[in-house]
Amino acid sequence: MMTELTKLTIAAARDALRKGDVTSAELTQACLTAIDGADALNAFVHKTPEVAMAQAKSADDRGYADAPGLQGIPLGIKDLFCTKGVASQAASRILDGFRPEYESTVTSQLFDRGAVMLGKLNMDEFAMGSSNETSVYGDAVNPWRVDENLTPGGSSGGSAAAVAADLCLGATGTDTGGSIRQPAAFTGITGVKPTYGRVSRWGIVAFASSLDQAGPMTKDVRDAAIMLEAMCGHDPKDSTSADLAVPDFEAMLTGDIKGKTIGIPAEYRMDGMPDAIEKLWSEGAEMLRDAGAKIVDISLPHTKYALPAYYVIAPAEASSNLARYDGVRFGHRAKLEQGDGITEMYEKTRAEGFGPEVQRRVMVGTYVLSAGFYDAYYNRARKVRALIKQDFDTVFEDGVDAILTPATPSAAFPLGSMADTDPIQMYLNDVFTVTVNLAGLPGVAVPTGQDARGLPLGLQLIGRPWEEGDLLNVAYSLERAAGFVGKPAKWW
Amino acid sequence: MSIDTETARKVAKLARIRVEDDALPALAQEFNAILGFIEQLNEVDVDGVEPMTSVTPQRLKRRDDVVTDGHQQDKVLANAPDAREGFFAVPKVVE
């Protein structure tokens with residue numbers, strides 16, 4: 001019974017709590033036991049059992065008669081979220097020992113609704129990576145395994161591994177270029193990147209502020225709807241957060257998509273795309289057609305330039321955001337030699353504190369913003385970004401309701417397999433997801449199939465700005481038609 | 001555009017990240033691979049296109065220019081590697 005509890009969806013656990021069939025203390029204890037037995041996955045990097053049991057008891061004491069949907073639900077929190085009094089270090093050495101004096105808006109909202117925090121989850125350092133291999137905590141491991149350990153994807157790799165392995169009922173993630181959707185696809189779970197501005201960024205360690213959005217990573221689309229609603233909303237502390245009403249996303253899951261128009265973008269058919277992905281994609285389109293949607297071919301002509309534009313804009317913003325890690329106000333400070341001044345302190349602290357990928361991106365960002373190159377690189381990339389957004393605006397104006405694409409160019413790959421390739425090969429993981437961040441749109445990854453080796457594969461749906469409810473309803477319809485129920489065999 | 005060892009050194013300096021001399025050639029090579037990838041942007045016709053400043057058309061909210069927070073010196077200093085007498089402490093800045 002105890003291990004079965006961790007397999008519940010958020011919706012099923014909510015119903016069981018309301019009926020009195022289970023307590024949050026029981027659910028939470030079951031998750032904590034599962035977490036302690038899953039150290040091989042390296043998903044939870046700061047466990048918070050005392051916090052979790054106190055929150056669970058408080059939820060049980062309040063009762064579930066009129067409780068919010070998340071009350072008593074045990075969740076994992078990505079290490080990028082600042083959590084008061086609990087280590088929050090963005091998987092970086094430079095934030096070693098940092099314990100925030102404040103709570104991020106997203107975690108505040110989750111806790112206000114009674115959610116339980118089991119601990120902090122592994123990720124790529126500062127969310128820079130697609131395999132969770134840049135983490136100071138070491139690699140998170142995908143619970144899906146074929147012969148060798150596979151990546152759970154990144155940057156939200158710990159979140160994905162934890163949800164897929166039933167260590168928690170749901171988890172928070174963040175997505176700057178695909179960091180929720182790619183790991184969701186690699187682990188057979190659902191992940192949502194909301195419209196830019198839907199979810200407050202306050203208290204989330206910043207990577208690229210014009211692209212970052214937090215979102216839910218869950219076992220199914222309904223759970224994503226429940227958790228997303230709790231995360232959304234206007235926040236005066238984030239000037240880019242939208243002052244819009246948050247609909248009841250779960251109530252919008254009717255499964256009825258008759259008359260909806262789904263676009264299939266020609267430019268997402270990449271050279272050398274594996275047959276399994278090609279097949280998954282066309283089957284997904286068939287499923288939506290069978291459900292009553294109209295499938296149309298569309299063109300997003302600037303797709304090819306999204307990754308190059310991203311690798312100007314994201315490092316540029318990162319180089320500014322990460323300037324705050326200087327060894328003065330928080331985190332790591334290098335040991336200094338006799339006679340070292342403030343510049344040596346900065347340079348040594350940042351050389352010791354940042355890993356190689358973060359250093360690389362900060363320096364690329366510094367270069368593209370430096371005098372003489374600002375126009376050639378940064379301004380040009382921002383113009384290309386405007387064209388990429390325009391591509392989407394055009395197809396939405398033409399009546400397309402949502403766009404169907406593969407979520408990733410492959411299934412999960414072995415940990416270490418990209419170590420000797422140049423960084424660009426790793427960046428290509430985000431080829432289908434990064435356009436969505438550049439255009440500020442909502443996107444969701446839904447597991448719909450498995451490859452020949454049995455590894456999960458996902459499709460991505462992209463929606464109109466602020467229309468997460470309609471988007472999730474299309475995702476719900478796809479989920480029901482695909483009937484993906486695969487679970488990794490427990491080996492850890 | 002090709003980045004040489006000297007440019008790599010300059011960029012590292014600007015970014016305030018110490019890079020040892022023997023690591024500079026490899027760093028320059030990585031920069032060149034990434035910049036080579038970025039060069040694709042030159043194929044795009046961007047004449048007359050305004051650089052994006054905001055991805056959503058919403059106007060940023062304004063508020064009254066008043067102090068809304070403060071008096072939290074102990075919390076502000078709580079995570080400092082070196083805090084003394086209510087201040088952040090750093091190596092000598094001026095001679």
# chains A, B, ... in the order shown; residues from 1 in each chain; ligands from 1
call {"tool": "interface_residues", "arguments": {"of": "chain A", "to": "chain B", "cutoff": "6 Å", "atoms": "only C-alpha atoms", "output": "list in words"}}
result
Pro308, Arg329, Phe330, Gly341, Ile342, Glu347, Lys348, Arg350, Ala351, Met363, Arg382, Lys383, Ala386 and Gly440 of chain A
call {"tool": "write_last_selection", "arguments": {"atoms": "all heavy atoms", "output": "JSON list (two decimals), in the first residue's frame"}}
result
[["chain", "number", "residue", "atom", "x", "y", "z"],
["A", 308, "PRO", "N", 20.11, 29.57, -33.31],
["A", 308, "PRO", "CA", 21.17, 30.59, -33.32],
["A", 308, "PRO", "C", 20.74, 31.89, -32.61],
["A", 308, "PRO", "O", 21.55, 32.49, -31.89],
["A", 308, "PRO", "CB", 21.43, 30.85, -34.81],
["A", 308, "PRO", "CG", 20.87, 29.69, -35.53],
["A", 308, "PRO", "CD", 19.83, 29.06, -34.67],
["A", 329, "ARG", "N", 27.73, 39.12, -1.70],
["A", 329, "ARG", "CA", 26.46, 39.13, -0.95],
["A", 329, "ARG", "C", 25.96, 37.76, -0.55],
["A", 329, "ARG", "O", 25.25, 37.62, 0.43],
["A", 329, "ARG", "CB", 25.40, 39.87, -1.76],
["A", 329, "ARG", "CG", 25.64, 41.36, -1.77],
["A", 329, "ARG", "CD", 24.95, 42.03, -2.91],
["A", 329, "ARG", "NE", 25.50, 41.58, -4.18],
["A", 329, "ARG", "CZ", 24.92, 41.77, -5.35],
["A", 329, "ARG", "NH1", 23.77, 42.39, -5.42],
["A", 329, "ARG", "NH2", 25.50, 41.34, -6.46],
["A", 330, "PHE", "N", 26.31, 36.74, -1.34],
["A", 330, "PHE", "CA", 25.83, 35.40, -1.00],
["A", 330, "PHE", "C", 26.71, 34.38, -1.69],
["A", 330, "PHE", "O", 27.42, 34.67, -2.64],
["A", 330, "PHE", "CB", 24.38, 35.19, -1.44],
["A", 330, "PHE", "CG", 23.96, 35.98, -2.64],
["A", 330, "PHE", "CD1", 24.53, 35.73, -3.89],
["A", 330, "PHE", "CD2", 23.04, 37.00, -2.53],
["A", 330, "PHE", "CE1", 24.15, 36.46, -5.00],
["A", 330, "PHE", "CE2", 22.65, 37.74, -3.65],
["A", 330, "PHE", "CZ", 23.22, 37.48, -4.89],
["A", 341, "GLY", "N", 43.25, 41.83, -4.73],
["A", 341, "GLY", "CA", 42.27, 42.90, -4.58],
["A", 341, "GLY", "C", 40.89, 42.42, -4.98],
["A", 341, "GLY", "O", 40.65, 41.21, -5.12],
["A", 342, "ILE", "N", 40.01, 43.39, -5.20],
["A", 342, "ILE", "CA", 38.62, 43.04, -5.47],
["A", 342, "ILE", "C", 38.46, 42.33, -6.82],
["A", 342, "ILE", "O", 37.66, 41.41, -6.96],
["A", 342, "ILE", "CB", 37.73, 44.31, -5.37],
["A", 342, "ILE", "CG1", 36.25, 43.94, -5.36],
["A", 342, "ILE", "CG2", 37.99, 45.29, -6.50],
["A", 342, "ILE", "CD1", 35.56, 44.28, -4.10],
["A", 347, "GLU", "N", 37.29, 37.38, -9.99],
["A", 347, "GLU", "CA", 37.72, 36.44, -11.03],
["A", 347, "GLU", "C", 37.93, 35.03, -10.48],
["A", 347, "GLU", "O", 37.55, 34.05, -11.11],
["A", 347, "GLU", "CB", 39.01, 36.94, -11.69],
["A", 347, "GLU", "CG", 38.78, 38.19, -12.54],
["A", 347, "GLU", "CD", 40.04, 38.69, -13.20],
["A", 347, "GLU", "OE1", 41.15, 38.22, -12.85],
["A", 347, "GLU", "OE2", 39.93, 39.56, -14.08],
["A", 348, "LYS", "N", 38.53, 34.94, -9.31],
["A", 348, "LYS", "CA", 38.77, 33.62, -8.72],
["A", 348, "LYS", "C", 37.45, 32.99, -8.25],
["A", 348, "LYS", "O", 37.23, 31.80, -8.40],
["A", 348, "LYS", "CB", 39.75, 33.73, -7.55],
["A", 348, "LYS", "CG", 41.18, 34.02, -7.99],
["A", 348, "LYS", "CD", 42.11, 34.04, -6.77],
["A", 348, "LYS", "CE", 43.55, 34.28, -7.21],
["A", 348, "LYS", "NZ", 44.46, 34.33, -6.04],
["A", 350, "ARG", "N", 34.44, 33.47, -9.40],
["A", 350, "ARG", "CA", 33.60, 33.04, -10.53],
["A", 350, "ARG", "C", 34.22, 31.86, -11.27],
["A", 350, "ARG", "O", 33.50, 31.01, -11.80],
["A", 350, "ARG", "CB", 33.33, 34.24, -11.45],
["A", 350, "ARG", "CG", 32.37, 35.24, -10.78],
["A", 350, "ARG", "CD", 32.43, 36.63, -11.39],
["A", 350, "ARG", "NE", 31.94, 36.71, -12.75],
["A", 350, "ARG", "CZ", 30.65, 36.78, -13.10],
["A", 350, "ARG", "NH1", 29.71, 36.76, -12.16],
["A", 350, "ARG", "NH2", 30.29, 36.87, -14.36],
["A", 351, "ALA", "N", 35.56, 31.80, -11.31],
["A", 351, "ALA", "CA", 36.23, 30.65, -11.95],
["A", 351, "ALA", "C", 35.99, 29.37, -11.13],
["A", 351, "ALA", "O", 35.76, 28.30, -11.69],
["A", 351, "ALA", "CB", 37.72, 30.92, -12.09],
["A", 363, "MET", "N", 30.57, 33.98, -20.94],
["A", 363, "MET", "CA", 31.56, 34.65, -21.79],
["A", 363, "MET", "C", 31.04, 34.90, -23.20],
["A", 363, "MET", "O", 31.29, 35.96, -23.78],
["A", 363, "MET", "CB", 32.87, 33.86, -21.80],
["A", 363, "MET", "CG", 33.60, 33.98, -20.46],
["A", 363, "MET", "SD", 35.29, 33.38, -20.47],
["A", 363, "MET", "CE", 35.04, 31.65, -20.11],
["A", 382, "ARG", "N", 17.72, 39.89, -31.90],
["A", 382, "ARG", "CA", 16.41, 40.37, -31.44],
["A", 382, "ARG", "C", 15.48, 40.65, -32.62],
["A", 382, "ARG", "O", 14.26, 40.53, -32.51],
["A", 382, "ARG", "CB", 16.58, 41.63, -30.58],
["A", 382, "ARG", "CG", 17.22, 41.28, -29.21],
["A", 382, "ARG", "CD", 17.05, 42.41, -28.22],
["A", 382, "ARG", "NE", 17.62, 43.65, -28.74],
["A", 382, "ARG", "CZ", 17.06, 44.85, -28.59],
["A", 382, "ARG", "NH1", 15.92, 44.96, -27.93],
["A", 382, "ARG", "NH2", 17.64, 45.93, -29.07],
["A", 383, "LYS", "N", 16.05, 41.03, -33.75],
["A", 383, "LYS", "CA", 15.23, 41.22, -34.95],
["A", 383, "LYS", "C", 14.74, 39.86, -35.46],
["A", 383, "LYS", "O", 13.56, 39.72, -35.84],
["A", 383, "LYS", "CB", 16.05, 41.92, -36.04],
["A", 383, "LYS", "CG", 16.32, 43.39, -35.72],
["A", 383, "LYS", "CD", 17.20, 44.02, -36.79],
["A", 383, "LYS", "CE", 17.55, 45.45, -36.38],
["A", 383, "LYS", "NZ", 18.46, 46.10, -37.34],
["A", 386, "ALA", "N", 11.91, 38.75, -33.46],
["A", 386, "ALA", "CA", 10.65, 39.39, -33.84],
["A", 386, "ALA", "C", 10.03, 38.65, -35.04],
["A", 386, "ALA", "O", 8.81, 38.47, -35.11],
["A", 386, "ALA", "CB", 10.89, 40.86, -34.17],
["A", 440, "GLY", "N", 7.30, 33.50, -26.76],
["A", 440, "GLY", "CA", 6.55, 33.73, -25.52],
["A", 440, "GLY", "C", 5.27, 32.92, -25.41],
["A", 440, "GLY", "O", 4.38, 33.27, -24.63]]
call {"tool": "residues_around", "arguments": {"residues": "stretch 230-242 of chain A", "least_positions_apart": "4", "cutoff": "9 Å", "atoms": "only C-alpha atoms", "output": "MDAnalysis selection string"}}
result
(chainID A and resid 69:70 105:107 109:110 113 194 196:202 210 214:216 225:226 246) or (chainID B and resid 56 58:62)
call {"tool": "closest_residue", "arguments": {"among": "B:Ala23, B:Gly86, B:Pro57, B:Gly70", "to": "A:Pro356", "atoms": "only C-alpha atoms"}}
result
B:Ala23
call {"tool": "closest_atom_pairs", "arguments": {"of": "stretch 177-273 of chain A", "to": "stretch 462-480 of chain A", "cutoff": "12 Å", "atoms": "only C-alpha atoms", "output": "JSON lines"}}
result
{"residue": "A:Arg181", "atom": "CA", "partner": "A:Ile462", "partner_atom": "CA", "distance": 11.2}
{"residue": "A:Gly188", "atom": "CA", "partner": "A:Glu479", "partner_atom": "CA", "distance": 11.5}
{"residue": "A:Ile189", "atom": "CA", "partner": "A:Glu479", "partner_atom": "CA", "distance": 10.7}
{"residue": "A:Thr190", "atom": "CA", "partner": "A:Ala475", "partner_atom": "CA", "distance": 9.4}
{"residue": "A:Gly191", "atom": "CA", "partner": "A:Leu472", "partner_atom": "CA", "distance": 10.6}
{"residue": "A:Val192", "atom": "CA", "partner": "A:Leu472", "partner_atom": "CA", "distance": 8.8}
{"residue": "A:Lys193", "atom": "CA", "partner": "A:Glu468", "partner_atom": "CA", "distance": 9.3}
{"residue": "A:Pro194", "atom": "CA", "partner": "A:Glu468", "partner_atom": "CA", "distance": 6.8}
{"residue": "A:Thr195", "atom": "CA", "partner": "A:Pro465", "partner_atom": "CA", "distance": 5.7}
{"residue": "A:Tyr196", "atom": "CA", "partner": "A:Pro465", "partner_atom": "CA", "distance": 8.2}
{"residue": "A:Gly197", "atom": "CA", "partner": "A:Trp466", "partner_atom": "CA", "distance": 9.0}
{"residue": "A:Arg198", "atom": "CA", "partner": "A:Trp466", "partner_atom": "CA", "distance": 7.4}
{"residue": "A:Val199", "atom": "CA", "partner": "A:Trp466", "partner_atom": "CA", "distance": 11.0}
{"residue": "A:Gly215", "atom": "CA", "partner": "A:Glu468", "partner_atom": "CA", "distance": 11.4}
{"residue": "A:Lys219", "atom": "CA", "partner": "A:Glu479", "partner_atom": "CA", "distance": 11.1}
{"residue": "A:Asp220", "atom": "CA", "partner": "A:Glu479", "partner_atom": "CA", "distance": 8.0}
{"residue": "A:Val221", "atom": "CA", "partner": "A:Tyr476", "partner_atom": "CA", "distance": 5.8}
{"residue": "A:Arg222", "atom": "CA", "partner": "A:Tyr476", "partner_atom": "CA", "distance": 7.4}
{"residue": "A:Asp223", "atom": "CA", "partner": "A:Leu472", "partner_atom": "CA", "distance": 10.6}
{"residue": "A:Ala224", "atom": "CA", "partner": "A:Leu472", "partner_atom": "CA", "distance": 8.3}
{"residue": "A:Ala225", "atom": "CA", "partner": "A:Leu472", "partner_atom": "CA", "distance": 7.1}
{"residue": "A:Ile226", "atom": "CA", "partner": "A:Leu472", "partner_atom": "CA", "distance": 10.9}
{"residue": "A:Leu228", "atom": "CA", "partner": "A:Glu468", "partner_atom": "CA", "distance": 9.2}
{"residue": "A:Glu229", "atom": "CA", "partner": "A:Gly469", "partner_atom": "CA", "distance": 9.7}
{"residue": "A:Cys232", "atom": "CA", "partner": "A:Glu468", "partner_atom": "CA", "distance": 10.7}
{"residue": "A:Gly233", "atom": "CA", "partner": "A:Trp466", "partner_atom": "CA", "distance": 11.5}
{"residue": "A:Ser241", "atom": "CA", "partner": "A:Trp466", "partner_atom": "CA", "distance": 11.9}
{"residue": "A:Ala242", "atom": "CA", "partner": "A:Trp466", "partner_atom": "CA", "distance": 9.5}
{"residue": "A:Asp243", "atom": "CA", "partner": "A:Trp466", "partner_atom": "CA", "distance": 11.2}
{"residue": "A:Leu244", "atom": "CA", "partner": "A:Trp466", "partner_atom": "CA", "distance": 8.8}
{"residue": "A:Ala245", "atom": "CA", "partner": "A:Trp466", "partner_atom": "CA", "distance": 10.0}
{"residue": "A:Val246", "atom": "CA", "partner": "A:Trp466", "partner_atom": "CA", "distance": 9.3}
{"residue": "A:Pro247", "atom": "CA", "partner": "A:Gly469", "partner_atom": "CA", "distance": 7.4}
{"residue": "A:Asp248", "atom": "CA", "partner": "A:Gly469", "partner_atom": "CA", "distance": 7.8}
{"residue": "A:Phe249", "atom": "CA", "partner": "A:Gly469", "partner_atom": "CA", "distance": 5.0}
{"residue": "A:Glu250", "atom": "CA", "partner": "A:Gly469", "partner_atom": "CA", "distance": 7.8}
{"residue": "A:Ala251", "atom": "CA", "partner": "A:Gly469", "partner_atom": "CA", "distance": 8.7}
{"residue": "A:Met252", "atom": "CA", "partner": "A:Gly469", "partner_atom": "CA", "distance": 5.9}
{"residue": "A:Leu253", "atom": "CA", "partner": "A:Asn473", "partner_atom": "CA", "distance": 4.7}
{"residue": "A:Thr254", "atom": "CA", "partner": "A:Asn473", "partner_atom": "CA", "distance": 6.5}
{"residue": "A:Gly255", "atom": "CA", "partner": "A:Ser477", "partner_atom": "CA", "distance": 4.7}
{"residue": "A:Asp256", "atom": "CA", "partner": "A:Ser477", "partner_atom": "CA", "distance": 7.1}
{"residue": "A:Ile257", "atom": "CA", "partner": "A:Val474", "partner_atom": "CA", "distance": 6.3}
{"residue": "A:Lys258", "atom": "CA", "partner": "A:Val474", "partner_atom": "CA", "distance": 9.9}
{"residue": "A:Gly259", "atom": "CA", "partner": "A:Val474", "partner_atom": "CA", "distance": 11.4}
{"residue": "A:Lys260", "atom": "CA", "partner": "A:Val474", "partner_atom": "CA", "distance": 8.7}
{"residue": "A:Thr261", "atom": "CA", "partner": "A:Val474", "partner_atom": "CA", "distance": 10.3}
{"residue": "A:Ile262", "atom": "CA", "partner": "A:Val474", "partner_atom": "CA", "distance": 9.3}
{"residue": "A:Gly263", "atom": "CA", "partner": "A:Ile462", "partner_atom": "CA", "distance": 9.4}
{"residue": "A:Ile264", "atom": "CA", "partner": "A:Ile462", "partner_atom": "CA", "distance": 10.6}
{"residue": "A:Pro265", "atom": "CA", "partner": "A:Ile462", "partner_atom": "CA", "distance": 11.0}
call {"tool": "write_last_selection", "arguments": {"atoms": "N, CA and C atoms", "output": "short mmCIF file (atom, residue, chain, number, x, y, z; two decimals), in the first residue's frame"}}
result
data_model
loop_
_atom_site.label_atom_id
_atom_site.label_comp_id
_atom_site.auth_asym_id
_atom_site.auth_seq_id
_atom_site.Cartn_x
_atom_site.Cartn_y
_atom_site.Cartn_z
N ARG A 181 9.90 20.79 -21.21
CA ARG A 181 9.29 19.90 -22.20
C ARG A 181 10.22 18.78 -22.66
N GLY A 188 8.63 10.30 -20.18
CA GLY A 188 7.25 9.84 -20.30
C GLY A 188 6.26 10.53 -19.39
N ILE A 189 6.49 11.82 -19.11
CA ILE A 189 5.54 12.56 -18.28
C ILE A 189 5.06 13.81 -19.04
N THR A 190 4.18 14.58 -18.41
CA THR A 190 3.62 15.79 -19.02
C THR A 190 4.33 17.01 -18.45
N GLY A 191 4.67 17.97 -19.31
CA GLY A 191 5.31 19.21 -18.85
C GLY A 191 4.76 20.41 -19.59
N VAL A 192 4.47 21.47 -18.86
CA VAL A 192 3.87 22.67 -19.45
C VAL A 192 4.78 23.88 -19.27
N LYS A 193 5.06 24.57 -20.39
CA LYS A 193 5.68 25.89 -20.33
C LYS A 193 4.58 26.90 -20.63
N PRO A 194 4.18 27.69 -19.63
CA PRO A 194 3.08 28.64 -19.85
C PRO A 194 3.51 29.83 -20.73
N THR A 195 2.52 30.63 -21.12
CA THR A 195 2.77 31.88 -21.81
C THR A 195 3.71 32.74 -20.97
N TYR A 196 4.65 33.43 -21.62
CA TYR A 196 5.54 34.32 -20.87
C TYR A 196 4.71 35.36 -20.12
N GLY A 197 4.89 35.44 -18.81
CA GLY A 197 4.14 36.39 -18.01
C GLY A 197 3.01 35.76 -17.20
N ARG A 198 2.70 34.49 -17.49
CA ARG A 198 1.61 33.81 -16.77
C ARG A 198 1.99 33.51 -15.32
N VAL A 199 3.28 33.11 -15.16
CA VAL A 199 3.75 32.68 -13.85
C VAL A 199 4.84 33.66 -13.40
N GLY A 215 6.79 26.14 -14.73
CA GLY A 215 5.58 25.38 -15.06
C GLY A 215 5.58 24.04 -14.35
N LYS A 219 2.18 13.70 -13.86
CA LYS A 219 1.96 12.37 -14.43
C LYS A 219 0.95 12.39 -15.57
N ASP A 220 0.09 13.38 -15.59
CA ASP A 220 -0.84 13.48 -16.73
C ASP A 220 -1.30 14.93 -16.92
N VAL A 221 -2.12 15.12 -17.95
CA VAL A 221 -2.54 16.47 -18.33
C VAL A 221 -3.46 17.08 -17.25
N ARG A 222 -4.34 16.26 -16.67
CA ARG A 222 -5.22 16.81 -15.64
C ARG A 222 -4.40 17.38 -14.47
N ASP A 223 -3.40 16.62 -14.05
CA ASP A 223 -2.56 17.09 -12.95
C ASP A 223 -1.84 18.39 -13.34
N ALA A 224 -1.43 18.47 -14.59
CA ALA A 224 -0.76 19.69 -15.06
C ALA A 224 -1.71 20.88 -14.95
N ALA A 225 -2.98 20.65 -15.30
CA ALA A 225 -3.98 21.72 -15.22
C ALA A 225 -4.17 22.18 -13.77
N ILE A 226 -4.24 21.21 -12.86
CA ILE A 226 -4.45 21.52 -11.44
C ILE A 226 -3.27 22.32 -10.89
N LEU A 228 -0.86 23.91 -12.62
CA LEU A 228 -0.61 25.17 -13.33
C LEU A 228 -1.48 26.29 -12.75
N GLU A 229 -2.74 25.97 -12.49
CA GLU A 229 -3.64 27.00 -11.97
C GLU A 229 -3.10 27.58 -10.66
N CYS A 232 -0.05 30.02 -11.46
CA CYS A 232 -0.28 31.23 -12.26
C CYS A 232 -0.78 32.39 -11.42
N GLY A 233 -0.75 33.56 -12.02
CA GLY A 233 -1.38 34.72 -11.41
C GLY A 233 -0.49 35.93 -11.36
N SER A 241 4.84 40.10 -15.06
CA SER A 241 3.75 39.14 -14.82
C SER A 241 2.43 39.76 -15.25
N ALA A 242 1.60 38.97 -15.91
CA ALA A 242 0.38 39.48 -16.54
C ALA A 242 -0.76 39.60 -15.54
N ASP A 243 -1.45 40.74 -15.60
CA ASP A 243 -2.60 40.95 -14.72
C ASP A 243 -3.85 40.45 -15.43
N LEU A 244 -3.93 39.13 -15.55
CA LEU A 244 -5.06 38.50 -16.22
C LEU A 244 -5.68 37.47 -15.29
N ALA A 245 -6.97 37.26 -15.44
CA ALA A 245 -7.64 36.26 -14.63
C ALA A 245 -7.10 34.87 -14.98
N VAL A 246 -7.00 34.02 -13.98
CA VAL A 246 -6.56 32.64 -14.21
C VAL A 246 -7.79 31.75 -14.26
N PRO A 247 -8.03 31.14 -15.42
CA PRO A 247 -9.24 30.31 -15.51
C PRO A 247 -9.09 28.99 -14.77
N ASP A 248 -10.19 28.29 -14.60
CA ASP A 248 -10.17 26.95 -14.02
C ASP A 248 -9.75 25.99 -15.14
N PHE A 249 -8.43 25.76 -15.25
CA PHE A 249 -7.91 24.97 -16.37
C PHE A 249 -8.48 23.55 -16.36
N GLU A 250 -8.66 22.99 -15.16
CA GLU A 250 -9.14 21.61 -15.10
C GLU A 250 -10.56 21.50 -15.67
N ALA A 251 -11.38 22.52 -15.38
CA ALA A 251 -12.76 22.49 -15.87
C ALA A 251 -12.82 22.58 -17.39
N MET A 252 -11.73 23.07 -17.99
CA MET A 252 -11.71 23.21 -19.45
C MET A 252 -11.33 21.91 -20.15
N LEU A 253 -10.99 20.87 -19.39
CA LEU A 253 -10.60 19.59 -19.98
C LEU A 253 -11.85 18.78 -20.31
N THR A 254 -12.46 19.10 -21.45
CA THR A 254 -13.65 18.37 -21.88
C THR A 254 -13.28 17.21 -22.80
N GLY A 255 -12.12 17.31 -23.42
CA GLY A 255 -11.72 16.31 -24.40
C GLY A 255 -12.37 16.54 -25.75
N ASP A 256 -13.23 17.55 -25.82
CA ASP A 256 -13.90 17.85 -27.09
C ASP A 256 -13.09 18.87 -27.88
N ILE A 257 -12.53 18.41 -29.00
CA ILE A 257 -11.75 19.34 -29.83
C ILE A 257 -12.33 19.43 -31.24
N LYS A 258 -13.59 19.07 -31.35
CA LYS A 258 -14.25 19.13 -32.68
C LYS A 258 -14.18 20.56 -33.23
N GLY A 259 -13.79 20.67 -34.49
CA GLY A 259 -13.74 21.97 -35.13
C GLY A 259 -12.48 22.75 -34.88
N LYS A 260 -11.60 22.25 -34.00
CA LYS A 260 -10.32 22.94 -33.77
C LYS A 260 -9.40 22.72 -34.96
N THR A 261 -8.57 23.71 -35.23
CA THR A 261 -7.63 23.60 -36.33
C THR A 261 -6.22 23.41 -35.78
N ILE A 262 -5.59 22.32 -36.17
CA ILE A 262 -4.24 22.00 -35.68
C ILE A 262 -3.26 22.12 -36.84
N GLY A 263 -2.23 22.94 -36.65
CA GLY A 263 -1.23 23.16 -37.69
C GLY A 263 -0.06 22.20 -37.56
N ILE A 264 0.43 21.73 -38.74
CA ILE A 264 1.62 20.88 -38.78
C ILE A 264 2.70 21.66 -39.54
N PRO A 265 3.71 22.17 -38.84
CA PRO A 265 4.69 23.03 -39.51
C PRO A 265 5.73 22.25 -40.31
#
call {"tool": "select_by_dssp", "arguments": {"residues": "chain B", "states": "alpha helix (DSSP H)", "output": "PyMOL selection string"}}
result
chain B and resi 5-14+24-38+73-77
call {"tool": "write_last_selection", "arguments": {"atoms": "C-alpha atoms", "output": "compact mmCIF listing (two decimals), in the first residue's frame"}}
result
# COMPACT_ATOMS: atom_id res chain seq x y z
CA THR B 5 43.59 33.69 -27.91
CA GLU B 6 43.99 37.38 -27.17
CA THR B 7 40.27 38.08 -27.71
CA ALA B 8 39.38 35.10 -25.52
CA ARG B 9 41.59 36.56 -22.79
CA LYS B 10 39.84 39.92 -23.13
CA VAL B 11 36.36 38.39 -22.97
CA ALA B 12 37.28 36.37 -19.86
CA LYS B 13 38.55 39.56 -18.27
CA LEU B 14 35.35 41.44 -19.13
CA LEU B 24 42.76 30.09 -23.61
CA PRO B 25 43.37 28.36 -27.00
CA ALA B 26 40.69 25.72 -26.29
CA LEU B 27 38.30 28.43 -25.09
CA ALA B 28 38.87 30.46 -28.27
CA GLN B 29 38.12 27.34 -30.32
CA GLU B 30 34.83 26.78 -28.46
CA PHE B 31 33.84 30.41 -28.98
CA ASN B 32 34.52 30.02 -32.68
CA ALA B 33 32.32 26.92 -32.91
CA ILE B 34 29.45 28.73 -31.18
CA LEU B 35 29.90 31.95 -33.13
CA GLY B 36 30.08 29.94 -36.36
CA PHE B 37 26.67 28.54 -35.47
CA ILE B 38 25.35 32.02 -34.68
CA GLN B 73 19.73 44.37 7.49
CA ASP B 74 20.23 41.06 9.28
CA LYS B 75 18.42 39.15 6.55
CA VAL B 76 20.25 40.97 3.78
CA LEU B 77 23.59 40.11 5.36
call {"tool": "select_by_dssp", "arguments": {"residues": "stretch 285-433 of chain A", "states": "strand (DSSP E)", "output": "ChimeraX atom specification"}}
result
/A:294-298,402-406
call {"tool": "atom_distance", "arguments": {"atom1": "atom CA of A:Leu95", "atom2": "atom CA of A:Asn437"}}
result
26.2 Å
call {"tool": "residues_around", "arguments": {"residues": "A:Pro301", "least_positions_apart": "3", "cutoff": "8 Å", "atoms": "only C-alpha atoms", "output": "list in words"}}
result
Glu267, Lys304, Ile388 and Asp391 of chain A
call {"tool": "atom_distance", "arguments": {"atom1": "atom CA of A:Asn122", "atom2": "atom CA of A:Tyr137"}}
result
7.1 Å
call {"tool": "atom_distance", "arguments": {"atom1": "atom CA of A:Asp15", "atom2": "atom CA of A:Gly458"}}
result
27.9 Å
